[in-house]
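Asks: coords_37.csv (CSV, N, CA and C atoms) pasted underneath:
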```csv
chain,number,residue,atom,x,y,z
A,1,MET,N,4.7,37.2,-11.7
A,1,MET,CA,5.0,36.7,-10.4
A,1,MET,C,6.3,35.9,-10.5
A,2,GLN,N,7.2,36.2,-9.7
A,2,GLN,CA,8.5,35.5,-9.7
A,2,GLN,C,8.5,34.3,-8.8
A,3,VAL,N,9.0,33.2,-9.3
A,3,VAL,CA,9.1,31.9,-8.6
A,3,VAL,C,10.1,32.1,-7.5
A,4,GLN,N,9.7,31.7,-6.3
A,4,GLN,CA,10.6,31.8,-5.1
A,4,GLN,C,10.7,30.5,-4.4
A,5,GLN,N,11.8,30.3,-3.7
A,5,GLN,CA,12.0,29.1,-2.9
A,5,GLN,C,10.9,29.0,-1.8
A,6,GLU,N,10.4,27.8,-1.6
A,6,GLU,CA,9.4,27.6,-0.6
A,6,GLU,C,10.1,27.8,0.8
A,7,ASN,N,9.4,28.4,1.7
A,7,ASN,CA,10.1,28.6,3.0
A,7,ASN,C,9.2,28.3,4.2
A,8,ILE,N,8.1,27.6,4.0
A,8,ILE,CA,7.2,27.2,5.0
A,8,ILE,C,6.5,25.9,4.7
A,9,THR,N,6.5,25.0,5.7
A,9,THR,CA,5.8,23.7,5.5
A,9,THR,C,4.5,23.8,6.2
A,10,LEU,N,3.4,23.6,5.5
A,10,LEU,CA,2.1,23.7,6.0
A,10,LEU,C,1.6,22.4,6.7
A,11,ALA,N,2.1,21.3,6.2
A,11,ALA,CA,1.6,20.0,6.8
A,11,ALA,C,2.6,18.9,6.3
A,12,THR,N,2.7,17.9,7.1
A,12,THR,CA,3.5,16.7,6.8
A,12,THR,C,2.7,15.5,7.2
A,13,ILE,N,3.0,14.4,6.6
A,13,ILE,CA,2.4,13.1,6.9
A,13,ILE,C,3.3,12.0,6.5
A,14,THR,N,3.4,10.9,7.3
A,14,THR,CA,4.2,9.8,6.9
A,14,THR,C,3.4,8.9,6.0
A,15,PHE,N,4.0,8.0,5.3
A,15,PHE,CA,3.3,7.0,4.5
A,15,PHE,C,2.4,6.2,5.3
A,16,GLN,N,2.9,5.7,6.5
A,16,GLN,CA,2.1,4.9,7.4
A,16,GLN,C,0.8,5.6,7.7
A,17,ASN,N,0.9,6.9,8.1
A,17,ASN,CA,-0.4,7.6,8.5
A,17,ASN,C,-1.2,7.9,7.3
A,18,PHE,N,-0.6,8.2,6.2
A,18,PHE,CA,-1.4,8.4,5.0
A,18,PHE,C,-2.3,7.2,4.6
A,19,PHE,N,-1.7,6.0,4.7
A,19,PHE,CA,-2.4,4.8,4.3
A,19,PHE,C,-3.5,4.5,5.4
A,20,ARG,N,-3.3,4.9,6.6
A,20,ARG,CA,-4.3,4.7,7.7
A,20,ARG,C,-5.6,5.5,7.4
A,21,LEU,N,-5.5,6.5,6.5
A,21,LEU,CA,-6.7,7.3,6.2
A,21,LEU,C,-7.8,6.5,5.5
A,22,TYR,N,-7.4,5.4,4.9
A,22,TYR,CA,-8.2,4.6,4.1
A,22,TYR,C,-8.8,3.4,4.9
A,23,HIS,N,-10.1,3.1,4.7
A,23,HIS,CA,-10.7,2.0,5.4
A,23,HIS,C,-10.2,0.6,4.9
A,24,LYS,N,-10.0,0.5,3.6
A,24,LYS,CA,-9.5,-0.7,3.0
A,24,LYS,C,-8.3,-0.5,2.2
A,25,LEU,N,-7.4,-1.4,2.3
A,25,LEU,CA,-6.1,-1.4,1.5
A,25,LEU,C,-6.0,-2.7,0.7
A,26,ALA,N,-5.5,-2.7,-0.5
A,26,ALA,CA,-5.4,-3.9,-1.2
A,26,ALA,C,-4.2,-3.7,-2.2
A,27,GLY,N,-3.6,-4.8,-2.5
A,27,GLY,CA,-2.5,-4.7,-3.5
A,27,GLY,C,-1.9,-6.1,-3.8
A,28,MET,N,-1.1,-6.1,-4.8
A,28,MET,CA,-0.4,-7.4,-5.1
A,28,MET,C,1.1,-7.1,-5.2
A,29,THR,N,1.8,-8.0,-4.6
A,29,THR,CA,3.3,-7.9,-4.6
A,29,THR,C,3.9,-9.2,-4.4
A,30,GLY,N,5.1,-9.4,-4.8
A,30,GLY,CA,5.8,-10.6,-4.6
A,30,GLY,C,6.6,-10.6,-3.3
A,31,THR,N,6.6,-9.5,-2.5
A,31,THR,CA,7.4,-9.4,-1.3
A,31,THR,C,6.6,-9.2,-0.1
A,32,ALA,N,5.3,-9.1,-0.1
A,32,ALA,CA,4.5,-8.7,1.1
A,32,ALA,C,4.6,-9.8,2.2
A,33,ILE,N,4.7,-11.1,1.8
A,33,ILE,CA,4.8,-12.1,2.8
A,33,ILE,C,6.0,-12.0,3.7
A,34,THR,N,7.1,-11.5,3.2
A,34,THR,CA,8.3,-11.3,4.0
A,34,THR,C,8.1,-10.1,5.0
A,35,GLU,N,7.1,-9.2,4.7
A,35,GLU,CA,6.8,-8.1,5.6
A,35,GLU,C,5.5,-8.2,6.3
A,36,ALA,N,5.0,-9.4,6.4
A,36,ALA,CA,3.7,-9.7,7.0
A,36,ALA,C,3.6,-9.1,8.4
A,37,GLU,N,4.7,-9.3,9.2
A,37,GLU,CA,4.7,-8.8,10.6
A,37,GLU,C,4.5,-7.3,10.6
A,38,GLU,N,5.2,-6.6,9.7
A,38,GLU,CA,5.1,-5.1,9.6
A,38,GLU,C,3.7,-4.7,9.3
A,39,PHE,N,3.1,-5.3,8.3
A,39,PHE,CA,1.7,-5.0,7.9
A,39,PHE,C,0.8,-5.2,9.0
A,40,ASP,N,1.0,-6.2,9.8
A,40,ASP,CA,0.1,-6.5,11.0
A,40,ASP,C,0.3,-5.4,12.1
A,41,LYS,N,1.6,-5.2,12.4
A,41,LYS,CA,2.0,-4.3,13.4
A,41,LYS,C,1.5,-2.8,13.1
A,42,ILE,N,1.8,-2.3,11.9
A,42,ILE,CA,1.5,-0.9,11.6
A,42,ILE,C,0.1,-0.7,11.1
A,43,TYR,N,-0.4,-1.6,10.2
A,43,TYR,CA,-1.7,-1.3,9.6
A,43,TYR,C,-2.8,-2.2,10.1
A,44,LYS,N,-2.4,-3.2,11.0
A,44,LYS,CA,-3.4,-4.2,11.4
A,44,LYS,C,-4.0,-5.0,10.2
A,45,LEU,N,-3.2,-5.3,9.2
A,45,LEU,CA,-3.6,-6.0,8.0
A,45,LEU,C,-3.0,-7.4,8.0
A,46,GLU,N,-3.8,-8.3,7.5
A,46,GLU,CA,-3.3,-9.7,7.2
A,46,GLU,C,-2.8,-9.8,5.8
A,47,VAL,N,-1.7,-10.5,5.6
A,47,VAL,CA,-1.1,-10.7,4.3
A,47,VAL,C,-1.6,-12.1,3.9
A,48,VAL,N,-2.2,-12.2,2.8
A,48,VAL,CA,-2.8,-13.5,2.3
A,48,VAL,C,-2.0,-13.9,1.0
A,49,PRO,N,-1.2,-14.9,1.1
A,49,PRO,CA,-0.5,-15.4,-0.1
A,49,PRO,C,-1.4,-16.1,-1.1
A,50,ILE,N,-1.3,-15.9,-2.4
A,50,ILE,CA,-2.1,-16.6,-3.4
A,50,ILE,C,-1.1,-17.2,-4.3
A,51,PRO,N,-1.0,-18.5,-4.3
A,51,PRO,CA,0.0,-19.2,-5.1
A,51,PRO,C,-0.3,-18.9,-6.6
A,52,THR,N,0.8,-18.8,-7.4
A,52,THR,CA,0.7,-18.5,-8.8
A,52,THR,C,0.0,-19.7,-9.5
A,53,THR,N,-0.1,-20.8,-8.9
A,53,THR,CA,-0.7,-22.0,-9.6
A,53,THR,C,-2.1,-22.2,-9.2
A,54,SER,N,-2.7,-21.2,-8.4
A,54,SER,CA,-4.1,-21.4,-8.0
A,54,SER,C,-5.1,-21.2,-9.1
A,55,ARG,N,-6.3,-21.7,-8.9
A,55,ARG,CA,-7.4,-21.5,-9.9
A,55,ARG,C,-7.7,-20.0,-10.1
A,56,TRP,N,-7.6,-19.2,-8.9
A,56,TRP,CA,-7.9,-17.8,-9.0
A,56,TRP,C,-6.9,-17.1,-9.9
A,57,SER,N,-5.6,-17.3,-9.7
A,57,SER,CA,-4.6,-16.6,-10.5
A,57,SER,C,-4.7,-17.1,-12.0
A,58,ALA,N,-5.0,-18.3,-12.2
A,58,ALA,CA,-5.2,-18.8,-13.6
A,58,ALA,C,-6.4,-18.1,-14.3
A,59,ALA,N,-7.5,-17.9,-13.5
A,59,ALA,CA,-8.6,-17.3,-14.1
A,59,ALA,C,-8.4,-15.8,-14.3
A,60,MET,N,-7.6,-15.2,-13.4
A,60,MET,CA,-7.3,-13.8,-13.6
A,60,MET,C,-6.4,-13.6,-14.8
A,61,SER,N,-5.4,-14.4,-15.0
A,61,SER,CA,-4.5,-14.3,-16.2
A,61,SER,C,-5.3,-14.4,-17.5
A,62,LYS,N,-6.4,-15.2,-17.5
A,62,LYS,CA,-7.1,-15.3,-18.7
A,62,LYS,C,-8.0,-14.1,-19.0
A,63,THR,N,-8.5,-13.4,-17.9
A,63,THR,CA,-9.4,-12.3,-18.1
A,63,THR,C,-8.7,-10.9,-18.0
A,64,SER,N,-7.5,-10.9,-17.6
A,64,SER,CA,-6.8,-9.6,-17.4
A,64,SER,C,-5.9,-9.4,-18.6
A,65,SER,N,-5.7,-8.1,-18.9
A,65,SER,CA,-4.8,-7.7,-20.0
A,65,SER,C,-4.0,-6.6,-19.5
A,66,ILE,N,-2.8,-6.4,-20.1
A,66,ILE,CA,-1.9,-5.3,-19.7
A,66,ILE,C,-1.9,-4.3,-20.8
```
So, in terms of structure tokens, how does the structure I just supplied come out?
Replies:
Amino acid sequence: MQVQQENITLATITFQNFFRLYHKLAGMTGTAITEAEEFDKIYKLEVVPIPTTSRWSAAMSKTSSI
């Protein structure tokens, strides 16, 4: 079989609509707080900042490994 250039698109989806397929979204980033309005407007999600000096982040750094 000879490889040929694709000439038909069967489906497309935007990142926003792809993520809407999931009931729950989670992640960690240092820049989400600056985009909190976009997360609310597009995904109806709240951005929750967790300070790096919190007990939770201290506990996670002790139990997590890279």
Asks: Rounded to one decimal in Å, what is the spacing between atom N of Phe19 in chain A and CA of Tyr43 in chain A?
Replies: 8.8 Å
Asks: Considering only C-alpha atoms, state which residue in the set A:Gln5, A:Thr12, A:Lys24, A:Ala32 is at the smallest distance from Val47 in chain A.
Replies: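 Using only C-alpha atoms, Val47 in chain A sits closest to A:Ala32.
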Asks: Please identify which residues in range 19-59 of chain A DSSP calls alpha helix (DSSP H) from the backbone, and express them as a ChimeraX atom specification.
Replies: /A:19,36-38,55-59
Asks: Which one of A:Thr34, A:Thr14, A:Thr9, A:Gln2 sits closest to Pro49 in chain A if you count only C-alpha atoms?
Replies: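 For Pro49 in chain A, the nearest of the given residues is A:Thr34.
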Asks: Go through A:Asn7, A:Ile13, A:Leu25, A:Phe18 one by one, measure the shortest atom-to-atom distance of each to Leu45 in chain A using only C-alpha atoms, and give the residue with the smallest value.
Replies: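 Ranked by minimum distance to Leu45 in chain A, first place goes to A:Leu25.
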Asks: Can you work out the spacing between CA of Lys41 in chain A and atom N of Ala11 in chain A in Å, to one decimal?
Replies: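 Atom N of Ala11 in chain A lies 26.6 Å from CA of Lys41 in chain A.
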Asks: Quick one, how far is atom N of Gln16 in chain A from CA of Ala36 in chain A?
Replies: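 Calculated distance between atom N of Gln16 in chain A and CA of Ala36 in chain A is 15.4 Å.
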Asks: Export range 43-56 of chain A, all heavy atoms, as a short mmCIF file (atom, residue, chain, number, x, y, z; two decimals), in the first residue's frame; it's the structure right above.
Replies:
```cif
data_model
loop_
_atom_site.label_atom_id
_atom_site.label_comp_id
_atom_site.auth_asym_id
_atom_site.auth_seq_id
_atom_site.Cartn_x
_atom_site.Cartn_y
_atom_site.Cartn_z
N TYR A 43 -15.59 26.89 30.85
CA TYR A 43 -15.77 25.56 31.43
C TYR A 43 -16.67 25.53 32.66
O TYR A 43 -16.96 24.47 33.19
CB TYR A 43 -14.41 24.97 31.83
CG TYR A 43 -13.41 24.93 30.70
CD1 TYR A 43 -12.32 25.77 30.68
CD2 TYR A 43 -13.57 24.03 29.66
CE1 TYR A 43 -11.39 25.73 29.65
CE2 TYR A 43 -12.66 23.98 28.62
CZ TYR A 43 -11.57 24.83 28.62
OH TYR A 43 -10.68 24.78 27.60
N LYS A 44 -17.08 26.71 33.14
CA LYS A 44 -17.85 26.80 34.39
C LYS A 44 -17.08 26.16 35.55
O LYS A 44 -17.61 25.42 36.35
CB LYS A 44 -19.22 26.12 34.25
CG LYS A 44 -20.05 26.64 33.10
CD LYS A 44 -20.49 28.06 33.33
CE LYS A 44 -21.43 28.50 32.23
NZ LYS A 44 -21.10 29.78 31.67
N LEU A 45 -15.77 26.44 35.58
CA LEU A 45 -14.90 25.91 36.63
C LEU A 45 -14.33 27.02 37.48
O LEU A 45 -14.00 28.10 36.98
CB LEU A 45 -13.73 25.13 36.00
CG LEU A 45 -14.08 23.84 35.29
CD1 LEU A 45 -12.84 23.28 34.60
CD2 LEU A 45 -14.64 22.83 36.26
N GLU A 46 -14.20 26.74 38.75
CA GLU A 46 -13.60 27.67 39.69
C GLU A 46 -12.11 27.37 39.81
O GLU A 46 -11.70 26.21 39.86
CB GLU A 46 -14.28 27.51 41.06
CG GLU A 46 -13.71 28.39 42.14
CD GLU A 46 -14.34 28.10 43.49
OE1 GLU A 46 -15.15 27.17 43.60
OE2 GLU A 46 -13.99 28.81 44.44
N VAL A 47 -11.30 28.42 39.85
CA VAL A 47 -9.86 28.26 40.08
C VAL A 47 -9.62 28.49 41.56
O VAL A 47 -10.04 29.49 42.13
CB VAL A 47 -9.05 29.27 39.24
CG1 VAL A 47 -7.58 29.21 39.60
CG2 VAL A 47 -9.26 29.00 37.76
N VAL A 48 -8.94 27.54 42.19
CA VAL A 48 -8.67 27.61 43.63
C VAL A 48 -7.16 27.69 43.83
O VAL A 48 -6.45 26.72 43.58
CB VAL A 48 -9.24 26.39 44.37
CG1 VAL A 48 -8.94 26.47 45.86
CG2 VAL A 48 -10.73 26.24 44.12
N PRO A 49 -6.66 28.84 44.26
CA PRO A 49 -5.22 28.94 44.51
C PRO A 49 -4.83 28.22 45.80
O PRO A 49 -5.55 28.29 46.79
CB PRO A 49 -4.97 30.44 44.62
CG PRO A 49 -6.27 31.02 45.03
CD PRO A 49 -7.34 30.11 44.47
N ILE A 50 -3.73 27.51 45.76
CA ILE A 50 -3.19 26.85 46.94
C ILE A 50 -1.79 27.42 47.17
O ILE A 50 -0.89 27.16 46.37
CB ILE A 50 -3.12 25.31 46.77
CG1 ILE A 50 -4.52 24.75 46.51
CG2 ILE A 50 -2.47 24.66 47.99
CD1 ILE A 50 -4.54 23.29 46.18
N PRO A 51 -1.61 28.22 48.19
CA PRO A 51 -0.29 28.82 48.44
C PRO A 51 0.79 27.75 48.61
O PRO A 51 0.54 26.69 49.16
CB PRO A 51 -0.49 29.61 49.74
CG PRO A 51 -1.96 29.78 49.88
CD PRO A 51 -2.58 28.59 49.20
N THR A 52 1.97 28.05 48.13
CA THR A 52 3.07 27.09 48.23
C THR A 52 3.50 26.85 49.67
O THR A 52 4.19 25.89 49.95
CB THR A 52 4.27 27.56 47.41
OG1 THR A 52 4.65 28.86 47.86
CG2 THR A 52 3.94 27.61 45.94
N THR A 53 3.10 27.72 50.57
CA THR A 53 3.48 27.56 51.98
C THR A 53 2.36 26.92 52.80
O THR A 53 2.42 26.92 54.01
CB THR A 53 3.84 28.92 52.60
OG1 THR A 53 2.71 29.80 52.45
CG2 THR A 53 5.06 29.52 51.93
N SER A 54 1.34 26.35 52.15
CA SER A 54 0.24 25.76 52.90
C SER A 54 0.64 24.38 53.46
O SER A 54 1.58 23.76 52.99
CB SER A 54 -1.00 25.60 51.99
OG SER A 54 -0.79 24.57 51.06
N ARG A 55 -0.11 23.91 54.43
CA ARG A 55 0.15 22.58 55.00
C ARG A 55 -0.03 21.50 53.94
O ARG A 55 0.69 20.53 53.90
CB ARG A 55 -0.80 22.31 56.17
CG ARG A 55 -0.46 23.06 57.41
CD ARG A 55 -1.40 22.65 58.51
NE ARG A 55 -1.05 23.33 59.74
CZ ARG A 55 -1.68 23.18 60.87
NH1 ARG A 55 -2.73 22.38 60.93
NH2 ARG A 55 -1.30 23.82 61.94
N TRP A 56 -1.05 21.68 53.07
CA TRP A 56 -1.31 20.69 52.03
C TRP A 56 -0.12 20.56 51.09
O TRP A 56 0.32 19.47 50.81
CB TRP A 56 -2.57 21.08 51.24
CG TRP A 56 -2.91 20.08 50.20
CD1 TRP A 56 -3.66 18.96 50.39
CD2 TRP A 56 -2.51 20.06 48.84
NE1 TRP A 56 -3.76 18.26 49.20
CE2 TRP A 56 -3.05 18.91 48.24
CE3 TRP A 56 -1.73 20.90 48.06
CZ2 TRP A 56 -2.86 18.60 46.92
CZ3 TRP A 56 -1.54 20.58 46.73
CH2 TRP A 56 -2.09 19.44 46.17
#
```
